[in-house]
file run22.txt (compact mmCIF, C-alpha atoms)
# COMPACT_ATOMS: atom_id res chain seq x y z
CA MET A 1 97.37 130.64 102.08
CA GLY A 2 99.26 127.96 100.15
CA GLU A 3 97.34 125.25 102.05
CA GLN A 4 94.03 126.85 101.04
CA LYS A 5 95.16 126.96 97.41
CA GLU A 6 95.90 123.22 97.50
CA ARG A 7 92.33 122.54 98.63
CA ARG A 8 90.83 124.17 95.55
CA HIS A 9 89.06 121.70 93.30
CA ARG A 10 88.23 121.71 89.60
CA ILE A 11 84.75 120.23 89.47
CA LEU A 12 82.72 119.01 86.53
CA MET A 13 78.98 118.89 87.31
CA VAL A 14 77.11 116.55 84.95
CA SER A 15 73.38 116.00 84.53
CA ASP A 16 70.67 115.99 81.88
CA PHE A 17 68.76 118.38 84.14
CA PHE A 18 69.89 121.99 84.11
CA TYR A 19 68.71 125.47 83.13
CA PRO A 20 66.76 126.59 81.15
CA ASN A 21 64.73 123.62 82.44
CA PHE A 22 63.37 124.23 85.95
CA GLY A 23 63.19 121.80 88.85
CA GLY A 24 64.78 120.75 92.12
CA VAL A 25 67.86 119.13 90.53
CA GLU A 26 68.44 122.13 88.25
CA ASN A 27 68.26 124.56 91.18
CA HIS A 28 70.52 122.36 93.31
CA ILE A 29 73.27 122.23 90.67
CA TYR A 30 73.06 125.97 89.98
CA TYR A 31 73.12 127.20 93.58
CA LEU A 32 75.74 124.66 94.67
CA SER A 33 77.96 125.66 91.73
CA GLN A 34 77.63 129.37 92.53
CA CYS A 35 78.60 128.82 96.18
CA LEU A 36 81.55 126.58 95.23
CA LEU A 37 82.78 129.32 92.88
CA LYS A 38 82.64 131.78 95.79
CA LEU A 39 84.72 129.34 97.86
CA GLY A 40 87.44 129.57 95.21
CA HIS A 41 86.82 126.33 93.30
CA LYS A 42 86.52 126.04 89.55
CA VAL A 43 83.13 124.66 88.44
CA VAL A 44 82.04 123.63 84.95
CA VAL A 45 78.59 122.21 84.12
CA VAL A 46 77.86 119.72 81.33
CA THR A 47 74.31 119.09 80.12
CA HIS A 48 72.53 118.43 76.83
CA ALA A 49 71.28 121.04 74.36
CA TYR A 50 67.97 122.76 75.08
CA GLY A 51 66.30 123.94 71.89
CA ASN A 52 68.68 126.35 70.19
CA ARG A 53 70.88 126.57 73.29
CA SER A 54 73.96 124.59 72.30
CA GLY A 55 77.69 125.10 72.72
CA VAL A 56 79.37 126.98 75.58
CA ARG A 57 77.52 129.54 77.68
CA TYR A 58 78.51 131.57 80.74
CA MET A 59 76.16 132.21 83.65
CA THR A 60 76.30 134.42 86.74
CA GLY A 61 79.63 134.37 88.57
CA GLY A 62 81.51 132.99 85.55
CA LEU A 63 79.84 129.56 85.72
CA LYS A 64 80.74 127.84 82.45
CA VAL A 65 78.14 125.51 80.91
CA TYR A 66 78.69 123.07 78.06
CA TYR A 67 75.42 122.37 76.24
CA LEU A 68 76.36 119.23 74.32
CA PRO A 69 74.76 118.78 70.86
CA TRP A 70 72.55 115.92 72.09
CA LYS A 71 68.78 116.31 71.99
CA PRO A 72 66.57 114.94 74.80
CA PHE A 73 65.02 111.58 74.04
CA LEU A 74 62.54 111.01 76.88
CA MET A 75 61.65 113.17 79.91
CA GLN A 76 64.63 115.49 79.27
CA ASN A 77 67.00 112.50 79.13
CA THR A 78 69.38 111.92 76.25
CA LEU A 79 69.32 108.63 74.36
CA PRO A 80 71.72 106.12 76.00
CA THR A 81 74.78 105.62 73.78
CA PHE A 82 77.19 104.03 76.31
CA TYR A 83 80.25 105.23 74.41
CA GLY A 84 79.01 108.09 72.19
CA THR A 85 79.83 110.73 74.80
CA LEU A 86 83.35 109.43 75.53
CA PRO A 87 85.27 111.68 73.06
CA ILE A 88 83.58 114.92 74.11
CA ILE A 89 83.66 114.15 77.86
CA ARG A 90 87.36 113.28 77.58
CA THR A 91 88.06 116.54 75.73
CA ILE A 92 86.23 118.63 78.35
CA LEU A 93 88.01 116.88 81.23
CA ILE A 94 91.40 117.61 79.69
CA ARG A 95 90.62 121.13 78.42
CA GLU A 96 89.24 122.28 81.77
CA LYS A 97 91.91 120.45 83.80
CA ILE A 98 89.18 118.80 85.89
CA SER A 99 90.15 117.02 89.13
CA LEU A 100 86.76 115.60 90.14
CA VAL A 101 83.47 114.74 88.40
CA HIS A 102 80.14 115.18 90.22
CA GLY A 103 77.08 113.53 88.66
CA HIS A 104 73.49 114.31 89.60
CA GLN A 105 70.24 112.32 89.43
CA ALA A 106 69.78 108.56 89.05
CA PHE A 107 67.74 108.73 85.84
CA SER A 108 70.13 111.06 84.01
CA THR A 109 71.69 109.10 81.13
CA LEU A 110 74.39 111.72 80.63
CA CYS A 111 75.33 111.49 84.32
CA HIS A 112 75.81 107.71 84.23
CA GLU A 113 77.85 107.81 81.02
CA ALA A 114 80.07 110.67 82.22
CA LEU A 115 80.82 108.95 85.55
CA MET A 116 81.69 105.71 83.72
CA HIS A 117 84.08 107.52 81.35
CA ALA A 118 85.62 109.53 84.20
CA ARG A 119 86.40 106.38 86.20
CA THR A 120 87.86 104.73 83.09
CA MET A 121 90.24 107.70 82.80
CA GLY A 122 91.17 107.55 86.48
CA TYR A 123 89.24 110.57 87.77
CA LYS A 124 87.65 110.65 91.20
CA VAL A 125 83.83 110.83 91.05
CA VAL A 126 80.97 111.79 93.37
CA PHE A 127 77.28 111.06 92.77
CA THR A 128 74.24 112.82 94.26
CA ASP A 129 70.92 110.96 94.33
CA HIS A 130 67.91 113.29 94.35
CA SER A 131 65.03 110.78 94.12
CA LEU A 132 63.43 107.75 95.73
CA TYR A 133 62.67 104.54 93.84
CA GLY A 134 60.71 101.40 94.60
CA PHE A 135 61.79 97.79 94.23
CA ALA A 136 58.81 96.00 92.66
CA ASP A 137 57.87 97.56 89.30
CA VAL A 138 59.82 96.89 86.11
CA GLY A 139 61.03 100.48 85.73
CA SER A 140 62.42 100.60 89.26
CA ILE A 141 64.15 97.20 88.92
CA HIS A 142 65.85 98.39 85.72
CA MET A 143 66.87 101.74 87.25
CA ASN A 144 68.18 100.10 90.41
CA LYS A 145 70.42 97.81 88.36
CA VAL A 146 71.77 100.80 86.40
CA LEU A 147 72.39 102.63 89.68
CA GLN A 148 74.18 99.58 91.07
CA PHE A 149 76.44 99.60 87.99
CA THR A 150 77.34 103.29 88.41
CA LEU A 151 77.74 103.28 92.19
CA SER A 152 79.95 100.17 92.11
CA ASP A 153 82.79 102.45 91.07
CA VAL A 154 82.08 105.88 92.59
CA ASN A 155 84.31 107.27 95.32
CA GLN A 156 81.60 108.96 97.42
CA THR A 157 77.82 109.35 97.28
CA ILE A 158 75.55 112.13 98.56
CA CYS A 159 71.84 111.87 99.38
CA VAL A 160 69.53 114.78 100.19
CA SER A 161 67.80 113.15 103.18
CA HIS A 162 68.26 110.22 105.55
CA THR A 163 65.30 108.46 103.94
CA SER A 164 67.00 108.91 100.57
CA LYS A 165 70.21 107.46 102.01
CA GLU A 166 68.43 104.32 103.24
CA ASN A 167 66.76 103.96 99.84
CA THR A 168 70.03 104.38 97.93
CA VAL A 169 71.94 101.94 100.16
CA LEU A 170 69.25 99.29 99.71
CA ARG A 171 69.04 99.78 95.93
CA SER A 172 72.76 99.88 95.22
CA GLY A 173 74.32 97.72 97.94
CA LEU A 174 76.72 100.53 98.88
CA PRO A 175 78.27 100.48 102.37
CA PRO A 176 76.43 103.19 104.42
CA GLU A 177 79.72 104.83 105.44
CA LYS A 178 80.30 105.83 101.80
CA VAL A 179 77.01 107.76 101.67
CA PHE A 180 76.78 111.31 103.05
CA VAL A 181 73.55 113.18 103.79
CA ILE A 182 73.52 116.84 102.72
CA PRO A 183 70.05 118.43 102.44
CA ASN A 184 69.00 120.96 99.85
CA ALA A 185 68.66 124.63 100.74
CA VAL A 186 66.73 127.70 99.67
CA ASP A 187 67.72 131.15 98.45
CA THR A 188 66.13 133.18 101.25
CA ALA A 189 67.18 136.45 99.61
CA MET A 190 64.96 135.56 96.64
CA PHE A 191 62.12 133.83 98.53
CA LYS A 192 60.91 136.27 101.16
CA PRO A 193 57.41 137.14 102.44
CA ALA A 194 55.36 139.94 100.95
CA ALA A 195 55.58 143.29 102.71
CA LYS A 196 51.85 142.95 103.42
CA ARG A 197 50.04 139.65 103.82
CA PRO A 198 46.97 139.08 101.58
CA ARG A 199 43.98 140.50 103.48
CA GLY A 200 40.32 139.67 103.62
CA ASN A 201 38.44 136.54 104.58
CA GLU A 202 39.62 134.58 101.54
CA ILE A 203 42.22 131.84 102.09
CA VAL A 204 44.37 130.99 99.08
CA ILE A 205 45.99 127.55 98.82
CA VAL A 206 48.90 127.38 96.38
CA VAL A 207 50.09 124.29 94.50
CA ILE A 208 53.27 124.50 92.40
CA SER A 209 54.29 121.15 90.96
CA ARG A 210 54.69 119.12 87.82
CA LEU A 211 51.25 117.71 87.10
CA VAL A 212 52.23 114.06 86.91
CA TYR A 213 51.18 110.93 88.78
CA ARG A 214 54.31 110.84 90.96
CA LYS A 215 53.60 114.36 92.21
CA GLY A 216 50.10 113.38 93.36
CA ALA A 217 48.05 115.23 90.73
CA ASP A 218 45.34 112.54 90.97
CA LEU A 219 45.13 113.21 94.71
CA LEU A 220 44.42 116.89 94.02
CA VAL A 221 41.51 115.92 91.77
CA GLU A 222 39.74 114.41 94.79
CA VAL A 223 40.91 116.81 97.50
CA ILE A 224 40.13 120.18 95.88
CA PRO A 225 36.35 119.72 95.35
CA GLU A 226 35.88 118.52 98.94
CA VAL A 227 37.83 121.45 100.42
CA CYS A 228 35.89 123.92 98.25
CA ARG A 229 32.61 122.34 99.45
CA LEU A 230 33.61 122.66 103.12
CA TYR A 231 35.07 126.17 102.88
CA PRO A 232 33.32 128.60 100.52
CA TYR A 233 36.06 131.22 101.17
CA VAL A 234 38.97 128.97 100.05
CA ARG A 235 40.49 129.42 96.60
CA PHE A 236 43.21 127.37 94.86
CA ILE A 237 46.05 128.53 92.59
CA ILE A 238 47.74 125.70 90.67
CA GLY A 239 51.06 126.35 88.94
CA GLY A 240 52.63 123.67 86.79
CA ASP A 241 52.09 121.61 83.69
CA GLY A 242 52.08 117.96 82.74
CA PRO A 243 49.93 115.09 81.45
CA LYS A 244 47.60 115.25 84.48
CA ARG A 245 46.60 118.86 83.80
CA VAL A 246 43.66 117.61 81.73
CA ARG A 247 42.25 115.72 84.75
CA LEU A 248 42.43 118.85 86.89
CA GLU A 249 40.69 120.92 84.24
CA GLU A 250 37.98 118.26 83.93
CA MET A 251 37.53 118.34 87.72
CA ARG A 252 37.19 122.12 87.62
CA GLU A 253 34.52 121.91 84.91
CA LYS A 254 32.63 119.05 86.56
CA HIS A 255 32.32 120.81 89.92
CA PHE A 256 31.86 124.35 88.48
CA LEU A 257 34.99 125.65 90.23
CA GLN A 258 36.26 127.91 87.43
CA ASP A 259 36.16 130.96 89.74
CA ARG A 260 37.86 129.13 92.63
CA VAL A 261 40.58 127.08 90.96
CA GLU A 262 43.06 129.08 88.90
CA MET A 263 45.31 127.14 86.51
CA LEU A 264 48.51 129.05 85.71
CA GLY A 265 50.32 126.46 83.61
CA ALA A 266 54.12 126.24 83.78
CA VAL A 267 55.58 128.90 86.10
CA PRO A 268 59.16 130.14 85.41
CA HIS A 269 61.32 129.92 88.53
CA ALA A 270 61.79 133.69 88.58
CA GLN A 271 58.00 134.09 89.02
CA VAL A 272 57.49 131.38 91.68
CA ARG A 273 57.80 133.85 94.58
CA SER A 274 55.12 136.15 93.15
CA VAL A 275 52.74 133.17 93.02
CA LEU A 276 53.63 131.99 96.53
CA ILE A 277 53.17 135.37 98.26
CA SER A 278 49.63 135.58 96.88
CA GLY A 279 48.69 132.59 99.06
CA HIS A 280 48.41 131.54 102.70
CA ILE A 281 48.90 127.75 102.55
CA PHE A 282 51.18 125.66 100.33
CA LEU A 283 49.93 122.20 99.36
CA ASN A 284 52.31 119.38 98.40
CA SER A 285 50.61 116.13 97.32
CA SER A 286 53.66 114.13 96.17
CA LEU A 287 53.49 110.34 96.38
CA THR A 288 57.28 110.03 96.60
CA GLU A 289 59.85 112.69 97.46
CA ALA A 290 63.46 112.48 98.59
CA PHE A 291 63.50 116.16 99.59
CA CYS A 292 61.07 118.83 98.42
CA ILE A 293 62.73 122.18 97.66
CA ALA A 294 59.31 123.68 96.85
CA ILE A 295 58.35 123.26 100.52
CA LEU A 296 61.43 125.27 101.57
CA GLU A 297 60.63 128.03 99.07
CA ALA A 298 57.04 128.23 100.33
CA ALA A 299 58.10 128.30 103.99
CA SER A 300 60.70 130.97 103.23
CA CYS A 301 57.86 133.06 101.76
CA GLY A 302 55.90 132.59 105.01
CA LEU A 303 53.34 130.01 103.87
CA LEU A 304 52.10 127.26 106.16
CA THR A 305 52.66 123.89 104.45
CA VAL A 306 50.34 120.90 104.13
CA SER A 307 52.10 117.86 102.71
CA THR A 308 51.86 114.13 102.28
CA ARG A 309 53.98 112.18 104.75
CA VAL A 310 56.21 110.48 102.18
CA GLY A 311 59.94 109.90 101.72
CA GLY A 312 62.17 112.58 103.20
CA VAL A 313 59.42 115.23 103.57
CA PRO A 314 59.07 114.76 107.39
CA GLU A 315 62.75 115.72 107.70
CA VAL A 316 62.37 119.05 105.90
CA LEU A 317 60.51 121.40 108.28
CA PRO A 318 59.85 121.63 112.05
CA ASP A 319 56.48 120.18 113.11
CA ASP A 320 54.96 123.56 114.01
CA ILE A 321 55.14 124.95 110.46
CA ILE A 322 54.03 121.90 108.49
CA VAL A 323 50.95 119.66 108.67
CA LEU A 324 51.59 116.13 107.45
CA ALA A 325 49.04 113.59 106.22
CA LYS A 326 48.87 110.17 104.62
CA PRO A 327 48.66 110.27 100.81
CA ASP A 328 44.91 109.70 100.98
CA PRO A 329 42.15 112.22 100.03
CA SER A 330 40.31 112.10 103.39
CA HIS A 331 43.53 112.51 105.40
CA MET A 332 44.64 115.38 103.16
CA VAL A 333 41.32 117.18 103.67
CA GLN A 334 41.68 116.78 107.46
CA ALA A 335 45.22 118.19 107.27
CA ILE A 336 43.98 121.23 105.33
CA LYS A 337 41.27 121.72 107.97
CA LYS A 338 43.95 121.74 110.68
CA ALA A 339 46.13 124.15 108.69
CA ILE A 340 43.23 126.60 108.26
CA SER A 341 42.57 126.51 112.03
CA ILE A 342 46.20 127.33 112.98
CA LEU A 343 46.78 129.84 110.16
CA PRO A 344 46.14 132.93 112.38
CA MET A 345 49.07 131.90 114.60
CA ILE A 346 51.57 131.89 111.71
CA ASP A 347 53.91 134.89 111.38
CA PRO A 348 55.43 134.88 107.85
CA GLN A 349 58.48 136.94 108.83
CA VAL A 350 59.31 134.72 111.81
CA MET A 351 59.02 131.66 109.54
CA HIS A 352 61.30 133.29 106.97
CA ASN A 353 63.93 134.03 109.62
CA ARG A 354 63.83 130.39 110.76
CA MET A 355 64.43 129.23 107.18
CA LYS A 356 67.44 131.56 107.03
CA GLU A 357 68.95 129.83 110.05
CA LEU A 358 68.06 126.26 109.01
CA TYR A 359 68.93 126.18 105.30
CA ASP A 360 71.79 127.97 103.57
CA TRP A 361 73.45 127.09 100.24
CA HIS A 362 76.85 128.23 101.54
CA ASP A 363 76.60 125.61 104.29
CA VAL A 364 75.64 122.98 101.67
CA ALA A 365 78.71 123.97 99.60
CA LYS A 366 81.06 123.68 102.58
CA ARG A 367 79.71 120.24 103.46
CA THR A 368 80.00 119.15 99.83
CA GLU A 369 83.59 120.40 99.88
CA ILE A 370 84.33 117.89 102.66
CA VAL A 371 82.90 115.07 100.50
CA TYR A 372 85.17 116.17 97.62
CA ASP A 373 88.18 116.03 99.94
CA CYS A 374 87.19 112.50 101.01
CA ALA A 375 86.78 111.40 97.38
CA LEU A 376 90.18 112.77 96.36
CA ASN A 377 91.79 111.03 99.33
CA CYS A 378 90.41 107.63 98.24
CA ALA A 379 93.09 105.17 97.15
CA ASN A 380 93.38 104.46 93.44
CA GLN A 381 92.18 101.00 92.46
CA SER A 382 93.61 98.64 89.90
CA LEU A 383 91.56 97.42 86.94
CA LEU A 384 91.18 93.98 88.54
CA GLN A 385 89.84 95.51 91.77
CA ARG A 386 87.30 97.55 89.81
CA LEU A 387 86.19 94.58 87.71
CA SER A 388 85.72 92.43 90.81
CA ARG A 389 83.29 95.02 92.17
CA TYR A 390 81.29 94.89 88.94
CA LEU A 391 81.22 91.09 89.04
CA SER A 392 79.55 91.25 92.45
CA CYS A 393 76.52 93.01 90.86
CA GLY A 394 74.95 89.72 89.78
CA ALA A 395 75.53 86.49 87.87
CA TRP A 396 74.62 87.94 84.47
CA ALA A 397 74.61 91.66 85.17
CA GLY A 398 78.11 91.52 86.67
CA LYS A 399 79.58 89.96 83.53
CA LEU A 400 77.73 92.46 81.34
CA PHE A 401 79.00 95.40 83.40
CA CYS A 402 82.58 94.09 83.13
CA PHE A 403 82.21 93.79 79.36
CA VAL A 404 80.89 97.38 79.09
CA MET A 405 83.79 98.70 81.17
CA ILE A 406 86.46 96.78 79.22
CA ILE A 407 85.10 98.15 75.90
CA ASP A 408 85.13 101.67 77.40
CA LEU A 409 88.75 101.17 78.46
CA LEU A 410 89.77 99.97 74.97
CA LEU A 411 88.01 102.91 73.30
CA TRP A 412 89.74 105.33 75.67
CA HIS A 413 93.16 103.90 74.74
CA LEU A 414 92.28 104.20 71.04
CA LEU A 415 91.33 107.86 71.60
CA GLN A 416 94.65 108.46 73.32
CA LEU A 417 96.46 107.13 70.27
CA TRP A 418 94.27 109.02 67.81
CA GLN A 419 94.30 112.32 69.74
CA PRO A 420 96.93 112.46 72.50
CA ALA A 421 96.09 114.60 75.53
CA GLU A 422 98.95 116.96 74.62
CA ASP A 423 97.12 117.88 71.41
CA ILE A 424 94.06 119.11 73.30
CA GLU A 425 94.42 122.79 74.15
CA GLU A 426 93.85 123.53 77.81
CA VAL A 427 91.67 126.47 78.81
CA PRO A 428 93.67 129.14 80.65
CA ASP A 429 92.56 129.86 84.19
CA PHE A 430 91.05 133.22 84.93
CA THR A 431 89.18 134.73 87.84
CA LEU A 432 86.26 137.13 87.73
CA PRO A 433 86.34 140.18 90.01
CA CYS A 434 84.05 139.54 92.96
CA ASP A 435 82.51 141.88 95.54
CA GLU A 436 84.30 141.97 98.85
CA GLY A 437 82.10 141.21 101.80

call {"tool": "encode", "arguments": {"input": "run22.txt", "output": "structure tokens"}}
result
Amino acid sequence: MGEQKERRHRILMVSDFFYPNFGGVENHIYYLSQCLLKLGHKVVVVTHAYGNRSGVRYMTGGLKVYYLPWKPFLMQNTLPTFYGTLPIIRTILIREKISLVHGHQAFSTLCHEALMHARTMGYKVVFTDHSLYGFADVGSIHMNKVLQFTLSDVNQTICVSHTSKENTVLRSGLPPEKVFVIPNAVDTAMFKPAAKRPRGNEIVIVVISRLVYRKGADLLVEVIPEVCRLYPYVRFIIGGDGPKRVRLEEMREKHFLQDRVEMLGAVPHAQVRSVLISGHIFLNSSLTEAFCIAILEAASCGLLTVSTRVGGVPEVLPDDIIVLAKPDPSHMVQAIKKAISILPMIDPQVMHNRMKELYDWHDVAKRTEIVYDCALNCANQSLLQRLSRYLSCGAWAGKLFCFVMIIDLLLWHLLQLWQPAEDIEEVPDFTLPCDEG
């Protein structure tokens, strides 16, 4: 019993992406945190303010969330300050008696800053990469350099697919042995098939996605009219919002498909299942994807999936319950044709049971627990060792990274003088009663 108590961690999850915003990263952090709490660990989440939601909130299972008084600047990201978050991150780390910091998502500003401050203060850190990036465009080059800066000093890294691991290793220069692969999972208790499958001759194809270029919204504009022309009994339901919604609405008007293409707008996560169980086929048109949780949710609800063959998507489902295609309109139409032909052979309940066996958040939490143990067992490094790793990031970038870290170290020492750790009141530990079994 004493040995199990020693293994308990005090984890700080940090990301700009968390509830009430909805998405794959938000779901991952929430479900992982809930399962870690059930394993006996302490978990605290730090994110930025969402509207009027600021300060400290408690969620299911006693999950404590700090909504910092920072407003999102661009795409739910806070404005980079480098050092502006140092005082409040330091206070939270001390107050909550944190032993390990876990950052999520490569383009989360708050994540990068928190990991930098945590390493300055000597904490062990873990980073999870949820996305894929290219190497040629200006945005990707900039993001890859930022990622290289952060990952130069992390203890362990997690990727959600093997494709994502290869991408992260190439972008950051990390040794592959420091990168673990732990896939996402799905809440099969929440996402289950309807008691009765939709009847009649009509086939409903469901799309739930952010309507942006990266998610293949432009591909849908070309695919939907062709499928509707070939199959008069096919109808589309599109859930999601974004800048490309206008293009889809224009397509609907141009081809007179108002009665066959239903636009729902943004769908709250609690209502995703009700949308999914009204359909037969789930369509994913992403142009890049490290791991698509939406595919798991659809399969758990018993829908046959048609998806672009990109990123880590081929790793997600067995071949007999997904039809893959190149991210090209003609190939996507052919894939939908194939899906319609094999639809009668799909049993939603059998598919749901397979998802139960393949993907479980408790398994994800236990595997993440192993990564935490590895991170905490990593040897502490001296300042010179850390700076030498930053210098290896490039002739100019390396020197800049060293300068940023040295300033962070000086500011941390000034904070220690101005407000010693002993003056920060620690939060007493408490446990919530939990159901046995």

call {"tool": "atom_distance", "arguments": {"input": "run22.txt", "atom1": "CA of Asn52 (chain A)", "atom2": "CA of Phe22 (chain A)"}}
result
16.8 Å

call {"tool": "residues_around", "arguments": {"input": "run22.txt", "residues": "region 406-422 of chain A", "least_positions_apart": "5", "cutoff": "7 Å", "atoms": "all atoms listed in the file", "output": "number ranges by chain"}}
result
A: 83, 94, 120

call {"tool": "closest_residue", "arguments": {"input": "run22.txt", "among": "A:Ile281, A:Val160, A:Ile295, A:Val234", "to": "His104 (chain A)", "atoms": "all atoms listed in the file"}}
result
A:Val160

call {"tool": "residues_around", "arguments": {"input": "run22.txt", "residues": "region 67-72 of chain A", "least_positions_apart": "5", "cutoff": "9 Å", "atoms": "only C-alpha atoms", "output": "list in words"}}
result
Asp16, Val45, Val46, Thr47, His48, Ala49, Tyr50, Gly51, Arg53, Ser54, Gly55, Val56, Arg57, Asn77, Thr78, Leu79 and Ile88 of chain A

call {"tool": "residues_near_point", "arguments": {"input": "run22.txt", "point": "(64.2, 111.5, 95.9)", "cutoff": "8 Å", "atoms": "all atoms listed in the file", "output": "number ranges by chain"}}
result
A: 129-133, 160, 164, 288-291, 311-312

call {"tool": "decode", "arguments": {"input": "run22.txt", "residues": "region 310-343 of chain A", "atoms": "C-alpha atoms", "output": "compact mmCIF listing (two decimals), in the first residue's frame"}}
result
# COMPACT_ATOMS: atom_id res chain seq x y z
CA VAL A 310 -3.93 11.21 -44.27
CA GLY A 311 -1.65 11.32 -41.24
CA GLY A 312 -2.48 8.84 -38.50
CA VAL A 313 -6.04 8.08 -39.73
CA PRO A 314 -5.12 4.64 -41.23
CA GLU A 315 -4.00 3.59 -37.74
CA VAL A 316 -7.33 4.38 -36.08
CA LEU A 317 -9.81 1.70 -37.21
CA PRO A 318 -9.63 -1.86 -38.63
CA ASP A 319 -9.93 -2.00 -42.44
CA ASP A 320 -13.38 -3.63 -42.42
CA ILE A 321 -15.12 -0.69 -40.71
CA ILE A 322 -13.48 2.21 -42.54
CA VAL A 323 -13.13 3.09 -46.23
CA LEU A 324 -10.05 5.19 -46.98
CA ALA A 325 -9.45 7.43 -49.99
CA LYS A 326 -6.96 9.96 -51.29
CA PRO A 327 -7.86 13.57 -50.44
CA ASP A 328 -9.25 14.07 -53.93
CA PRO A 329 -12.94 14.60 -54.89
CA SER A 330 -13.15 11.71 -57.37
CA HIS A 331 -11.49 9.25 -54.97
CA MET A 332 -13.76 10.39 -52.13
CA VAL A 333 -16.86 9.83 -54.27
CA GLN A 334 -15.64 6.31 -55.13
CA ALA A 335 -15.06 5.61 -51.42
CA ILE A 336 -18.61 6.73 -50.58
CA LYS A 337 -19.91 4.45 -53.35
CA LYS A 338 -18.06 1.52 -51.76
CA ALA A 339 -19.35 2.41 -48.29
CA ILE A 340 -22.96 2.50 -49.53
CA SER A 341 -22.52 -0.96 -51.10
CA ILE A 342 -21.19 -2.58 -47.89
CA LEU A 343 -23.53 -0.71 -45.51
